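**Q** Structure supplied as work_0.txt; contents: compact mmCIF, C-alpha atoms and all ligand atoms.
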```
# COMPACT_ATOMS: atom_id res chain seq x y z
CA MET C 1 0.00 0.00 0.00
CA ARG C 2 1.54 3.30 -1.08
CA GLU C 3 1.18 6.28 1.26
CA ALA C 4 -0.93 8.77 -0.65
CA LEU C 5 -0.08 12.46 -0.46
CA LEU C 6 -3.04 14.77 -1.01
CA HIS C 7 -3.28 18.53 -1.13
CA ASP C 8 -5.24 19.80 1.86
CA THR C 9 -6.97 23.15 1.47
CA LEU C 10 -7.01 23.77 5.21
CA SER C 11 -3.25 23.49 5.78
CA GLY C 12 -2.43 24.56 2.21
CA LYS C 13 0.04 21.67 2.02
CA LEU C 14 0.45 18.16 0.69
CA MET C 15 -0.53 15.90 3.55
CA PRO C 16 -0.12 12.15 3.94
CA LEU C 17 -3.40 10.27 4.02
CA ARG C 18 -3.49 8.76 7.51
CA PRO C 19 -7.00 7.39 7.91
CA ARG C 20 -8.96 7.77 11.14
CA ASP C 21 -9.58 4.02 11.07
CA PRO C 22 -6.51 2.22 9.71
CA GLY C 23 -7.19 0.60 6.35
CA ARG C 24 -10.46 2.44 5.84
CA VAL C 25 -11.07 5.74 4.06
CA GLY C 26 -14.28 7.75 4.26
CA ILE C 27 -14.82 10.38 1.55
CA TYR C 28 -17.66 12.87 1.36
CA ALA C 29 -17.94 14.90 -1.84
CA CYS C 30 -20.60 17.54 -2.32
CA GLY C 31 -22.98 16.54 -5.08
CA PRO C 32 -25.25 18.60 -7.29
CA THR C 33 -28.21 20.78 -6.48
CA VAL C 34 -30.92 19.22 -8.63
CA TYR C 35 -32.71 22.19 -10.20
CA SER C 36 -31.71 21.43 -13.81
CA ARG C 37 -29.79 18.76 -15.65
CA ILE C 38 -26.15 18.73 -14.62
CA HIS C 39 -23.45 20.24 -16.81
CA ILE C 40 -19.96 19.05 -17.57
CA GLY C 41 -18.64 21.08 -14.62
CA ASN C 42 -20.72 19.02 -12.17
CA ALA C 43 -19.23 15.86 -13.66
CA ARG C 44 -15.70 16.82 -12.65
CA PRO C 45 -16.00 16.23 -8.89
CA PHE C 46 -18.07 13.10 -9.58
CA VAL C 47 -15.28 11.70 -11.76
CA VAL C 48 -12.36 12.91 -9.61
CA PHE C 49 -13.70 11.48 -6.36
CA SER C 50 -15.05 8.26 -7.93
CA LEU C 51 -11.62 7.59 -9.42
CA LEU C 52 -9.80 8.60 -6.25
CA ALA C 53 -11.93 5.99 -4.45
CA ARG C 54 -11.01 3.41 -7.10
CA PHE C 55 -7.32 4.19 -6.73
CA LEU C 56 -7.44 3.90 -2.94
CA GLU C 57 -9.32 0.62 -3.25
CA HIS C 58 -6.64 -0.57 -5.64
CA GLU C 59 -4.10 0.27 -2.93
CA GLY C 60 -5.94 -1.98 -0.50
CA TYR C 61 -8.08 0.49 1.45
CA GLU C 62 -11.71 -0.15 2.16
CA VAL C 63 -13.32 3.03 0.84
CA SER C 64 -16.71 4.50 1.59
CA LEU C 65 -17.61 7.26 -0.89
CA VAL C 66 -20.60 9.45 -0.06
CA VAL C 67 -21.88 11.92 -2.67
CA ASN C 68 -25.02 13.75 -1.59
CA ILE C 69 -27.86 15.10 -3.67
CA THR C 70 -29.08 18.55 -2.65
CA ASP C 71 -32.79 18.31 -3.38
CA VAL C 72 -33.93 21.07 -1.01
CA ASN C 73 -32.52 24.46 -1.96
CA ASP C 74 -33.48 28.00 -2.98
CA LYS C 75 -32.45 27.31 -6.58
CA ILE C 76 -34.99 24.50 -6.81
CA TYR C 77 -37.83 26.67 -5.48
CA ASP C 78 -36.87 29.43 -7.91
CA ALA C 79 -36.62 27.10 -10.93
CA ALA C 80 -39.91 25.37 -10.10
CA ARG C 81 -41.70 28.69 -9.63
CA ALA C 82 -40.38 29.93 -12.99
CA GLN C 83 -41.73 26.78 -14.67
CA GLY C 84 -45.01 26.79 -12.78
CA ARG C 85 -44.23 23.39 -11.31
CA ALA C 86 -44.21 21.82 -7.86
CA SER C 87 -40.71 22.05 -6.38
CA GLY C 88 -40.74 18.47 -5.09
CA GLU C 89 -41.68 17.17 -8.51
CA LEU C 90 -38.93 19.14 -10.23
CA ALA C 91 -36.35 17.94 -7.70
CA LEU C 92 -37.43 14.32 -8.17
CA GLU C 93 -37.24 14.51 -11.95
CA MET C 94 -33.82 16.19 -11.88
CA THR C 95 -32.55 13.65 -9.34
CA GLU C 96 -33.50 10.83 -11.70
CA LEU C 97 -31.84 12.58 -14.63
CA TYR C 98 -28.71 13.20 -12.55
CA LEU C 99 -28.53 9.48 -11.75
CA ALA C 100 -29.02 8.56 -15.41
CA ASP C 101 -26.50 11.12 -16.68
CA THR C 102 -23.79 10.06 -14.23
CA ASP C 103 -24.57 6.34 -14.79
CA ALA C 104 -23.68 6.95 -18.42
CA LEU C 105 -20.12 7.85 -17.39
CA GLY C 106 -19.67 4.14 -16.72
CA LEU C 107 -17.95 4.58 -13.35
CA GLY C 108 -20.58 2.91 -11.19
CA ARG C 109 -22.21 4.70 -8.26
CA PRO C 110 -20.87 6.09 -4.99
CA ASP C 111 -21.47 3.86 -1.95
CA HIS C 112 -24.06 6.25 -0.52
CA GLU C 113 -26.07 9.04 -2.14
CA PRO C 114 -28.13 10.68 0.58
CA LEU C 115 -30.88 13.13 -0.25
CA ALA C 116 -31.38 16.23 1.87
CA SER C 117 -35.14 15.63 1.81
CA GLN C 118 -34.58 12.22 3.43
CA THR C 119 -32.36 13.63 6.19
CA ILE C 120 -34.69 16.22 7.69
CA GLY C 121 -34.97 14.51 11.12
CA PRO C 122 -31.19 14.47 11.74
CA ILE C 123 -30.92 18.03 10.37
CA ILE C 124 -33.52 19.33 12.84
CA GLU C 125 -31.74 17.58 15.73
CA TYR C 126 -28.47 19.10 14.58
CA ILE C 127 -29.92 22.60 14.52
CA GLN C 128 -31.46 22.07 17.97
CA THR C 129 -28.03 21.11 19.32
CA LEU C 130 -26.57 24.33 17.89
CA ILE C 131 -29.34 26.37 19.52
CA ASP C 132 -28.89 24.55 22.83
CA ARG C 133 -25.15 25.22 22.80
CA GLY C 134 -25.61 28.92 22.08
CA HIS C 135 -24.22 28.80 18.54
CA ALA C 136 -27.55 29.46 16.84
CA TYR C 137 -30.68 31.52 17.45
CA THR C 138 -34.22 31.65 16.16
CA ALA C 139 -35.59 34.82 14.54
CA GLU C 140 -39.20 34.97 13.37
CA GLY C 141 -39.22 31.38 12.16
CA ASP C 142 -35.68 31.41 10.75
CA VAL C 143 -32.68 29.96 12.55
CA TYR C 144 -29.21 31.48 12.10
CA PHE C 145 -25.71 30.33 12.96
CA ARG C 146 -23.81 32.81 15.13
CA VAL C 147 -20.56 33.01 13.15
CA ARG C 148 -18.60 34.96 15.77
CA SER C 149 -19.25 32.17 18.29
CA ASP C 150 -16.80 29.97 16.34
CA GLU C 151 -13.27 31.13 17.11
CA ARG C 152 -11.78 29.17 14.24
CA TYR C 153 -14.18 30.51 11.62
CA GLY C 154 -12.25 31.34 8.43
CA ILE C 155 -9.46 28.76 8.83
CA LEU C 156 -10.48 26.75 5.78
CA SER C 157 -10.94 29.60 3.31
CA HIS C 158 -8.15 31.68 4.88
CA ARG C 159 -10.33 34.76 5.00
CA GLN C 160 -10.71 37.52 7.52
CA LEU C 161 -14.18 37.99 8.99
CA GLU C 162 -14.37 41.49 7.53
CA ASN C 163 -14.11 40.15 3.99
CA MET C 164 -16.92 37.67 4.19
CA ASP C 165 -20.29 37.75 2.56
CA GLN C 166 -22.55 34.76 3.03
CA GLY C 167 -24.26 35.51 -0.26
CA GLU C 168 -27.63 35.53 1.44
CA GLY C 169 -29.81 38.53 0.83
CA ALA C 170 -32.26 39.69 3.46
CA PRO C 171 -34.74 36.83 4.12
CA ASP C 172 -37.60 39.03 3.05
CA PRO C 173 -36.87 42.05 0.87
CA ALA C 174 -39.78 43.91 2.49
CA HIS C 175 -38.25 43.57 5.95
CA PRO C 176 -34.83 44.28 7.42
CA SER C 177 -32.56 41.29 8.01
CA ARG C 178 -33.41 39.13 10.98
CA LYS C 179 -29.75 38.34 11.56
CA GLU C 180 -27.99 39.55 14.71
CA ASP C 181 -24.90 40.01 12.58
CA PRO C 182 -24.58 40.14 8.76
CA LEU C 183 -21.89 37.43 9.01
CA ASP C 184 -24.42 34.89 10.28
CA PHE C 185 -25.92 32.34 7.92
CA ALA C 186 -29.22 30.49 7.78
CA LEU C 187 -29.65 27.01 9.25
CA TRP C 188 -33.40 27.00 8.77
CA LYS C 189 -35.56 29.23 6.59
CA GLY C 190 -39.10 29.87 7.76
CA ARG C 191 -41.73 28.98 5.22
CA LYS C 192 -42.65 31.67 2.73
CA ALA C 193 -46.18 31.89 1.36
CA ASP C 194 -45.22 30.71 -2.15
CA GLU C 195 -43.08 27.76 -1.07
CA ASP C 196 -44.76 24.40 -1.60
CA THR C 197 -42.31 22.07 0.15
CA TRP C 198 -41.76 22.43 3.89
CA TRP C 199 -41.38 20.51 7.12
CA ASP C 200 -42.38 21.07 10.72
CA ALA C 201 -39.68 22.00 13.19
CA PRO C 202 -39.78 23.10 16.85
CA TRP C 203 -39.25 26.72 15.71
CA GLY C 204 -41.85 26.58 12.93
CA GLU C 205 -42.53 25.35 9.39
CA GLY C 206 -39.81 25.73 6.83
CA ARG C 207 -36.78 24.00 5.36
CA PRO C 208 -33.09 23.61 6.10
CA GLY C 209 -30.30 25.78 4.73
CA TRP C 210 -27.82 24.21 2.33
CA HIS C 211 -24.79 24.04 4.64
CA ILE C 212 -26.47 22.20 7.51
CA GLU C 213 -27.80 19.61 5.06
CA CYS C 214 -24.27 18.55 4.16
CA SER C 215 -22.98 18.48 7.76
CA ALA C 216 -25.88 16.18 8.67
CA MET C 217 -25.64 13.94 5.60
CA ALA C 218 -21.86 13.50 5.95
CA GLU C 219 -22.16 12.66 9.64
CA GLN C 220 -24.92 10.11 9.03
CA PHE C 221 -22.64 7.93 6.94
CA LEU C 222 -19.11 8.82 8.03
CA GLY C 223 -19.36 10.28 11.53
CA VAL C 224 -17.24 13.27 12.62
CA GLY C 225 -13.55 13.56 11.74
CA PHE C 226 -13.73 11.42 8.60
CA ASP C 227 -10.84 11.32 6.16
CA ILE C 228 -11.52 13.41 3.06
CA HIS C 229 -14.08 16.10 2.35
CA GLY C 230 -14.16 17.04 -1.31
CA GLY C 231 -15.91 19.30 -3.73
CA GLY C 232 -15.37 22.04 -6.26
CA SER C 233 -13.13 24.95 -5.31
CA ASP C 234 -16.16 27.25 -5.60
CA LEU C 235 -17.53 25.58 -2.45
CA VAL C 236 -14.66 26.45 -0.10
CA PHE C 237 -16.45 29.61 1.01
CA PRO C 238 -19.05 29.87 2.29
CA HIS C 239 -20.31 26.28 1.96
CA HIS C 240 -17.43 24.28 3.38
CA GLU C 241 -16.37 26.96 5.84
CA ASN C 242 -19.91 26.82 7.23
CA GLU C 243 -20.09 23.03 7.27
CA ALA C 244 -16.85 22.96 9.27
CA ALA C 245 -18.05 25.68 11.68
CA GLN C 246 -21.32 23.84 12.37
CA THR C 247 -19.50 20.63 13.18
CA ARG C 248 -17.02 22.31 15.53
CA ALA C 249 -19.87 24.11 17.28
CA ALA C 250 -22.20 21.11 17.62
CA ARG C 251 -19.69 18.27 18.02
CA GLY C 252 -16.55 19.90 19.38
CA GLY C 253 -14.36 18.51 16.59
CA GLU C 254 -13.37 18.96 12.98
CA LEU C 255 -15.64 17.53 10.29
CA ALA C 256 -12.83 16.14 8.13
CA ARG C 257 -9.10 15.46 8.35
CA LEU C 258 -8.34 16.55 4.78
CA TRP C 259 -10.13 18.97 2.46
CA MET C 260 -9.67 18.40 -1.28
CA HIS C 261 -10.99 20.81 -3.91
CA ASN C 262 -11.12 20.39 -7.66
CA GLY C 263 -10.63 23.30 -10.05
CA MET C 264 -13.43 24.64 -12.21
CA ILE C 265 -14.21 23.84 -15.83
CA GLN C 266 -13.64 27.02 -17.80
CA PHE C 267 -16.01 27.90 -20.57
CA THR C 268 -14.14 30.10 -22.96
CA GLY C 269 -17.26 31.40 -24.65
CA GLU C 270 -16.69 29.17 -27.64
CA LYS C 271 -20.04 28.26 -29.12
CA MET C 272 -20.50 24.57 -28.46
CA ALA C 273 -22.44 22.25 -30.70
CA LYS C 274 -25.61 21.01 -29.01
CA SER C 275 -25.16 23.17 -25.96
CA VAL C 276 -27.32 25.75 -24.37
CA GLY C 277 -25.55 29.08 -24.05
CA ASN C 278 -21.96 28.32 -23.22
CA VAL C 279 -22.70 25.68 -20.60
CA ALA C 280 -22.71 22.16 -21.99
CA SER C 281 -24.94 19.68 -20.24
CA LEU C 282 -23.31 16.36 -19.40
CA HIS C 283 -25.76 14.23 -21.34
CA GLU C 284 -25.16 16.26 -24.50
CA VAL C 285 -21.39 16.05 -24.19
CA LEU C 286 -21.68 12.30 -23.54
CA ALA C 287 -23.92 11.79 -26.55
CA GLU C 288 -21.50 13.66 -28.76
CA HIS C 289 -18.20 12.22 -27.54
CA GLY C 290 -18.88 9.04 -25.56
CA ALA C 291 -18.18 8.18 -21.93
CA GLU C 292 -14.54 7.17 -22.31
CA ALA C 293 -13.63 10.41 -24.07
CA VAL C 294 -15.45 12.50 -21.45
CA VAL C 295 -13.66 10.70 -18.60
CA MET C 296 -10.36 11.03 -20.48
CA TYR C 297 -10.97 14.75 -20.95
CA LEU C 298 -11.78 15.25 -17.26
CA ILE C 299 -8.59 13.50 -16.10
CA SER C 300 -6.36 15.09 -18.73
CA GLY C 301 -5.58 17.98 -16.38
CA HIS C 302 -4.56 17.93 -12.73
CA TYR C 303 -7.70 17.93 -10.60
CA ARG C 304 -6.68 21.08 -8.73
CA GLN C 305 -6.17 23.14 -11.89
CA PRO C 306 -8.90 24.81 -13.93
CA LEU C 307 -9.72 22.82 -17.06
CA ALA C 308 -10.61 24.55 -20.32
CA PHE C 309 -13.70 23.25 -22.06
CA SER C 310 -13.41 23.28 -25.82
CA GLN C 311 -14.26 21.18 -28.81
CA ALA C 312 -10.52 20.76 -29.41
CA ALA C 313 -9.95 19.41 -25.89
CA LEU C 314 -12.69 16.83 -26.34
CA GLU C 315 -11.43 15.83 -29.80
CA GLN C 316 -7.99 15.37 -28.25
CA ALA C 317 -9.47 13.14 -25.53
CA ARG C 318 -11.28 11.13 -28.19
CA ALA C 319 -8.06 10.65 -30.13
CA ASN C 320 -6.30 9.44 -26.95
CA VAL C 321 -9.10 6.98 -26.30
CA SER C 322 -8.95 5.64 -29.85
CA ARG C 323 -5.19 5.26 -29.65
CA ILE C 324 -5.44 3.23 -26.43
CA ARG C 325 -8.23 1.10 -27.89
CA GLU C 326 -6.14 0.47 -30.98
CA ALA C 327 -3.08 -0.41 -28.88
CA GLY C 328 -5.22 -2.85 -26.91
CA ARG C 329 -5.92 -4.77 -30.09
CA ARG C 330 -2.21 -5.37 -30.51
CA LEU C 331 -1.87 -6.95 -27.09
CA SER C 332 -2.83 -10.43 -26.01
CA PRO C 333 -4.62 -11.34 -22.80
CA GLY C 334 -2.21 -12.22 -19.98
CA GLU C 335 0.86 -11.19 -18.00
CA SER C 336 2.67 -8.10 -19.19
CA PRO C 337 6.43 -8.31 -19.74
CA GLY C 338 8.51 -7.84 -16.58
CA GLU C 339 10.62 -5.10 -18.13
CA LEU C 340 7.52 -2.87 -18.03
CA ASP C 341 6.98 -3.33 -14.26
CA GLY C 342 8.76 -0.06 -13.56
CA LEU C 343 6.32 1.91 -15.71
CA ARG C 344 3.38 0.23 -14.03
CA ALA C 345 4.78 1.29 -10.65
CA ARG C 346 5.35 4.86 -11.86
CA PHE C 347 1.73 5.07 -12.98
CA PHE C 348 0.45 4.30 -9.48
CA ASP C 349 3.14 6.47 -7.85
CA ALA C 350 1.82 9.42 -9.87
CA LEU C 351 -1.69 8.82 -8.54
CA ALA C 352 -0.32 8.53 -5.00
CA HIS C 353 1.27 11.95 -5.41
CA ASP C 354 -1.76 14.21 -5.12
CA PHE C 355 -3.72 12.13 -7.63
CA ASN C 356 -1.69 13.36 -10.59
CA THR C 357 -3.73 11.92 -13.46
CA PRO C 358 -1.96 13.79 -16.31
CA GLU C 359 1.37 12.38 -15.11
CA ALA C 360 -0.21 8.91 -14.81
CA LEU C 361 -1.57 9.18 -18.36
CA ALA C 362 1.86 10.17 -19.66
CA VAL C 363 3.32 7.03 -18.05
CA LEU C 364 0.48 4.91 -19.45
CA ASN C 365 1.21 6.22 -22.94
CA GLU C 366 4.88 5.45 -22.48
CA TRP C 367 3.91 1.92 -21.41
CA ILE C 368 1.89 1.53 -24.60
CA ARG C 369 4.70 2.88 -26.74
CA ARG C 370 7.16 0.43 -25.23
CA ALA C 371 4.78 -2.54 -25.26
CA THR C 372 3.75 -2.12 -28.86
CA SER C 373 7.16 -1.26 -30.29
CA SER C 374 8.44 -4.83 -30.10
CA SER C 375 7.69 -6.10 -33.57
CA THR C 376 6.92 -9.81 -33.46
CA VAL C 377 5.46 -10.86 -30.11
CA SER C 378 2.18 -9.44 -28.90
CA PRO C 379 2.77 -8.64 -25.20
CA GLY C 380 0.36 -9.44 -22.37
CA ASP C 381 -2.12 -6.73 -21.44
CA SER C 382 -2.33 -7.21 -17.64
CA HIS C 383 -0.63 -3.91 -16.72
CA LEU C 384 -2.74 -1.91 -19.14
CA ARG C 385 -5.92 -3.58 -17.93
CA GLU C 386 -5.01 -2.74 -14.33
CA MET C 387 -4.15 0.90 -15.10
CA LEU C 388 -7.23 1.49 -17.22
CA GLY C 389 -9.39 -0.14 -14.55
CA VAL C 390 -8.32 2.45 -11.97
CA LEU C 391 -9.11 5.23 -14.47
CA GLY C 392 -12.55 3.77 -15.17
CA LEU C 393 -11.52 3.07 -18.77
CA GLN C 394 -11.33 -0.72 -18.68
CA THR C 395 -13.95 -0.87 -21.45
CA LEU C 396 -11.20 0.19 -23.86
CA LEU C 397 -9.91 -3.37 -23.60
CA ALA C 398 -13.01 -5.30 -24.45
CA GLU C 399 -13.14 -8.68 -26.09
CA THR C 400 -12.24 -6.94 -29.31
CA ALA C 401 -8.70 -8.17 -28.88
CA GLN C 402 -9.90 -11.75 -29.36
CA ALA C 403 -11.45 -11.18 -32.75
CA PRO C 404 -9.42 -12.39 -35.76
CA ALA C 405 -7.52 -9.80 -37.77
CA GLU C 406 -9.87 -9.97 -40.75
CA VAL C 407 -12.87 -9.21 -38.53
CA ARG C 408 -11.06 -6.33 -36.81
CA ASP C 409 -10.18 -5.04 -40.24
CA LEU C 410 -13.83 -5.09 -41.33
CA ALA C 411 -14.74 -3.31 -38.11
CA GLU C 412 -12.16 -0.59 -38.77
CA ARG C 413 -13.54 -0.13 -42.28
CA ARG C 414 -17.02 0.19 -40.83
CA GLU C 415 -15.72 2.86 -38.45
CA GLN C 416 -14.34 4.79 -41.40
CA ALA C 417 -17.61 4.41 -43.31
CA ARG C 418 -19.54 5.73 -40.33
CA GLY C 419 -17.07 8.57 -39.95
CA ALA C 420 -17.77 9.47 -43.58
CA ARG C 421 -21.51 9.15 -42.86
CA ASP C 422 -21.78 6.34 -45.44
CA PHE C 423 -24.29 4.40 -43.40
CA ALA C 424 -25.23 2.00 -46.21
CA ALA C 425 -21.64 0.81 -46.47
CA ALA C 426 -21.45 0.60 -42.67
CA ASP C 427 -24.53 -1.64 -42.59
CA GLU C 428 -23.08 -3.93 -45.22
CA LEU C 429 -19.87 -4.27 -43.24
CA ARG C 430 -21.88 -5.04 -40.10
CA ALA C 431 -23.61 -7.87 -41.97
CA GLU C 432 -20.29 -9.17 -43.23
CA ILE C 433 -18.91 -9.15 -39.68
CA ALA C 434 -21.99 -11.05 -38.50
CA GLN C 435 -21.46 -13.69 -41.20
CA LYS C 436 -18.02 -14.29 -39.74
CA GLY C 437 -19.57 -14.98 -36.34
CA TRP C 438 -19.02 -11.61 -34.62
CA GLU C 439 -21.27 -8.86 -33.45
CA ILE C 440 -20.07 -5.28 -33.61
CA ARG C 441 -21.34 -2.96 -30.92
CA ASP C 442 -20.88 0.77 -30.94
CA VAL C 443 -19.44 1.97 -27.67
CA ALA C 444 -18.25 5.37 -26.61
CA GLY C 445 -15.33 6.45 -28.78
CA GLY C 446 -15.26 3.31 -30.94
CA PHE C 447 -16.55 -0.24 -31.19
CA GLU C 448 -16.48 -3.57 -29.48
CA LEU C 449 -16.54 -7.01 -31.08
CA LEU C 450 -18.37 -9.81 -29.34
CA PRO C 451 -18.60 -13.45 -30.42
CA ARG C 452 -22.11 -14.22 -31.60
ZN ZN I 501 -22.11 20.22 0.50
```
Represent the structure contained in this file as C-alpha cells.
Ligand SMILES: [Zn+2]

**A**
Amino acid sequence: MREALLHDTLSGKLMPLRPRDPGRVGIYACGPTVYSRIHIGNARPFVVFSLLARFLEHEGYEVSLVVNITDVNDKIYDAARAQGRASGELALEMTELYLADTDALGLGRPDHEPLASQTIGPIIEYIQTLIDRGHAYTAEGDVYFRVRSDERYGILSHRQLENMDQGEGAPDPAHPSRKEDPLDFALWKGRKADEDTWWDAPWGEGRPGWHIECSAMAEQFLGVGFDIHGGGSDLVFPHHENEAAQTRAARGGELARLWMHNGMIQFTGEKMAKSVGNVASLHEVLAEHGAEAVVMYLISGHYRQPLAFSQAALEQARANVSRIREAGRRLSPGESPGELDGLRARFFDALAHDFNTPEALAVLNEWIRRATSSSTVSPGDSHLREMLGVLGLQTLLAETAQAPAEVRDLAERREQARGARDFAAADELRAEIAQKGWEIRDVAGGFELLPR
C-alpha cells in the first residue's frame, strides 16, 4: 500500500493520508443541487472522487464514498416557480436525470447518495443542538448560525471575517434582516407563502439551509472527523467553511481530516455544438463524444487546476481513447512483460502523489509505446488492464482483442464508413462481420466485437 499524499486546502500543504480508522477511508464529496440537468462542470468532482476511491481501493483500502444530492434548496424553489411546477416534482425529476447522466459515465455509483429531503430529522436535531449550545438563534421562524461564536471561523478559506459575505440577501426584501450580525448564515428558513415544500420544526414550518444539510448527511454515513471532504473549489467559502463551523460548534471537533478541492471547468465562450448558451450539459457532451472520451478529458488535467472546455480538448481526448483502444488490439490477454513493471509502478506512484492523473496518463502512454514497439510478439495486457481499470476506462480493452484480424479489419472499415456518414456501407460491413460470427457494438469512442 503506497502512502498517498493529497493537497489539503485547510493546511495549504500536501498531507499524507493517515485514515482515522486504519485501512479504511471515508470520503464525502458535495454533489449537485438538482434544479436542472447537470453540466460538464458538475461531472468533474463526480469523476475525480469516484476515481480517487477506485485508486485507494486498488491500494488496498476499504473506501466509503458518499456523494449527496441537494434536493432542497433556494435554486430549486426558484426554478420550479419559474416553470409553474411543484418544487418536489422538479427535484425528483432532476434527481432521476442526474442518476441517469452520471450512470452513463460508466464509473458505477458512490457507496451512498443521501438526499437532503430524506435527512430532515437528523438536520432538525443538529440545529437544535446548535441552539442549545448557544451557537444558533431563532428569529421569526428562521434559525441562524452565530458566526462569531466559532473562534476558528475562516481557517479553511483563509479569510478575515471582515471580507466575508454569506451571499444571502435579506430573508424578506420587504423587511430588514433578521440576523444579529450580517456574518451569520441560515440554518433554517421559515416557510414563505409561495413555497410548496416544507417541514415542521420546533421553531416553525420551513426547510433547512444548504450548509447544515451537508454536515448532517456527511455525519450520518461517516461520523465526525472522517478522512476526506471534497468538492469544487467554488464551495470552499461559504459552503465548506460553514459546514466545518457547524460541526465544531455542535460536536466539538473537525468535520474532516483533509479537504480536497477540484478546479473549475472554464467555458471560454466558444459556441458549443448542441449546448445551451456556453454551458454544456453532461448528457449532451456524452452523446456527442462518448463516456470514455469524457472521462479522459476530465482527467487530462490535474484535478486542482482549472480545465478549459473546448471542442478541441474533447477531440484530443477522443483521439487518446482511440489510440489506447487500438493499442489494446495489438496486445494479447495475460501477463505483461517484466521489463515494463517499472512503468506500471510509476503510474500508481503518480496517482499517489496528489492524484496526478496527467502524469499517470503520460506514463500509461509510455507503457503503450514500449509494449507495442516490439515487432513480433504481442505482449500481455495485464498492466494496461489494471491501469485502465483504476481510471474507469477498462472498457477500452473489451473482447475486441480476441477477434481475428480480418474481422477487426472489417470493423475498422465500418468505423471509417460511419465517420464518412456512409451508413449504407457501414450496414453492409456489419452484416459481413456477422457472417463471420461476430457482433459489432458501438461503444463510446469506438466499437467492441463480441462473439455471436
Ligand atoms: Zn455540500

**Q** Show me as a list in words the residues that reach within 10 Å of (-13.2, 8.3, -26.3), counting all atoms listed in the file and using the file's own coordinates.

**A** Leu286, His289, Gly290, Ala291, Glu292, Ala293, Val294, Val295, Met296, Tyr297, Leu314, Glu315, Gln316, Ala317, Arg318, Ala319, Asn320, Val321, Ser322, Arg323, Ile324, Arg325, Leu393, Leu396, Val443, Ala444, Gly445 and Gly446 of chain C

**Q** Those same residues, written as a JSON list (two decimals), in the frame of the given file with C-alpha atoms?

**A**
```json
[["chain", "number", "residue", "atom", "x", "y", "z"],
["C", 286, "LEU", "CA", -21.68, 12.30, -23.54],
["C", 289, "HIS", "CA", -18.20, 12.22, -27.54],
["C", 290, "GLY", "CA", -18.88, 9.04, -25.56],
["C", 291, "ALA", "CA", -18.18, 8.18, -21.93],
["C", 292, "GLU", "CA", -14.54, 7.17, -22.31],
["C", 293, "ALA", "CA", -13.63, 10.41, -24.07],
["C", 294, "VAL", "CA", -15.45, 12.50, -21.45],
["C", 295, "VAL", "CA", -13.66, 10.70, -18.60],
["C", 296, "MET", "CA", -10.36, 11.03, -20.48],
["C", 297, "TYR", "CA", -10.97, 14.75, -20.95],
["C", 314, "LEU", "CA", -12.69, 16.83, -26.34],
["C", 315, "GLU", "CA", -11.43, 15.83, -29.80],
["C", 316, "GLN", "CA", -7.99, 15.37, -28.25],
["C", 317, "ALA", "CA", -9.47, 13.14, -25.53],
["C", 318, "ARG", "CA", -11.28, 11.13, -28.19],
["C", 319, "ALA", "CA", -8.06, 10.65, -30.13],
["C", 320, "ASN", "CA", -6.30, 9.44, -26.95],
["C", 321, "VAL", "CA", -9.10, 6.98, -26.30],
["C", 322, "SER", "CA", -8.95, 5.64, -29.85],
["C", 323, "ARG", "CA", -5.19, 5.26, -29.65],
["C", 324, "ILE", "CA", -5.44, 3.23, -26.43],
["C", 325, "ARG", "CA", -8.23, 1.10, -27.89],
["C", 393, "LEU", "CA", -11.52, 3.07, -18.77],
["C", 396, "LEU", "CA", -11.20, 0.19, -23.86],
["C", 443, "VAL", "CA", -19.44, 1.97, -27.67],
["C", 444, "ALA", "CA", -18.25, 5.37, -26.61],
["C", 445, "GLY", "CA", -15.33, 6.45, -28.78],
["C", 446, "GLY", "CA", -15.26, 3.31, -30.94]]
```

**Q** From the list C:Gln246, C:Thr268, C:Gln394, C:Thr70, which residue is nearest ligand ZN 501 (chain I) when using only C-alpha atoms and all ligand atoms?

**A**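 Among C:Gln246, C:Thr268, C:Gln394, C:Thr70, it is C:Thr70 that comes nearest to ligand ZN 501 (chain I).
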
**Q** List as JSON, numbers by chain the protein and nucleic acid residues lying within 7 Å of ligand ZN 501 (chain I), with only C-alpha atoms and all ligand atoms counted.

**A** {"C": [30, 31, 211, 214, 239, 240]}

**Q** Output C-alpha atoms for every residue in the selection just made, as a PDB file, keeping the file's coordinate frame.

**A**
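Generated output (out.pdb):
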```
ATOM      1  CA  CYS C  30     -20.600  17.540  -2.320  1.00  0.00           C
ATOM      2  CA  GLY C  31     -22.980  16.540  -5.080  1.00  0.00           C
ATOM      3  CA  HIS C 211     -24.790  24.040   4.640  1.00  0.00           C
ATOM      4  CA  CYS C 214     -24.270  18.550   4.160  1.00  0.00           C
ATOM      5  CA  HIS C 239     -20.310  26.280   1.960  1.00  0.00           C
ATOM      6  CA  HIS C 240     -17.430  24.280   3.380  1.00  0.00           C
TER       7      HIS C 240
END
```

**Q** Between C:Leu361, C:Leu130, C:Ala434, C:Leu107, which residue has the minimum interatomic distance to Gly252 (chain C), considering only C-alpha atoms?

**A**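 Among the listed residues, C:Leu130 lies closest to Gly252 (chain C).
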
**Q** Near Asp409 (chain C), within 12 Å and counting only C-alpha atoms, which residues show up once chain neighbours fewer than 6 positions away are dropped, as a PyMOL selection string?

**A** chain C and resi 326+329+400-401+403+415-416+429-430+432-433+440+449

**Q** Contacts of region 180-183 of chain C at 7 Å or less, counting only C-alpha atoms, minus same-chain residues fewer than 6 places along, as number ranges by chain?

**A** C: 147, 164-166

**Q** Give me, please, the distance in Å between CA of Phe348 (chain C) and CA of Leu17 (chain C), quoted to one decimal.

**A**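 Distance between the two atoms: 15.3 Å.
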
**Q** In Å, rounded to a single decimal, give me how far CA of Arg344 (chain C) is from CA of Ser378 (chain C).

**A**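 Atom-to-atom, CA of Ser378 (chain C) and CA of Arg344 (chain C) are spaced 17.8 Å apart.
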
**Q** List the neighbours of Arg44 (chain C) out to 10 Å using all atoms listed in the file; skip same-chain residues closer than 3 positions along the sequence, and give me the result as a list of chain:residue names.

**A**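 In the requested format, the answer is C:His39, C:Ile40, C:Gly41, C:Val47, C:Val48, C:Phe49, C:Ser50, C:Gly231, C:Gly232, C:Asn262, C:Gly263, C:Met264, C:Ile265, C:Val294, C:Val295, C:Tyr297, C:Leu298, C:Ile299, C:Tyr303, C:Leu307.
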
**Q** Of the candidates C:Val363, C:Val390, C:Val25, C:Ala426, which shows the shortest atom-to-atom distance to Ser64 (chain C), using all atoms listed in the file?

**A** C:Val25
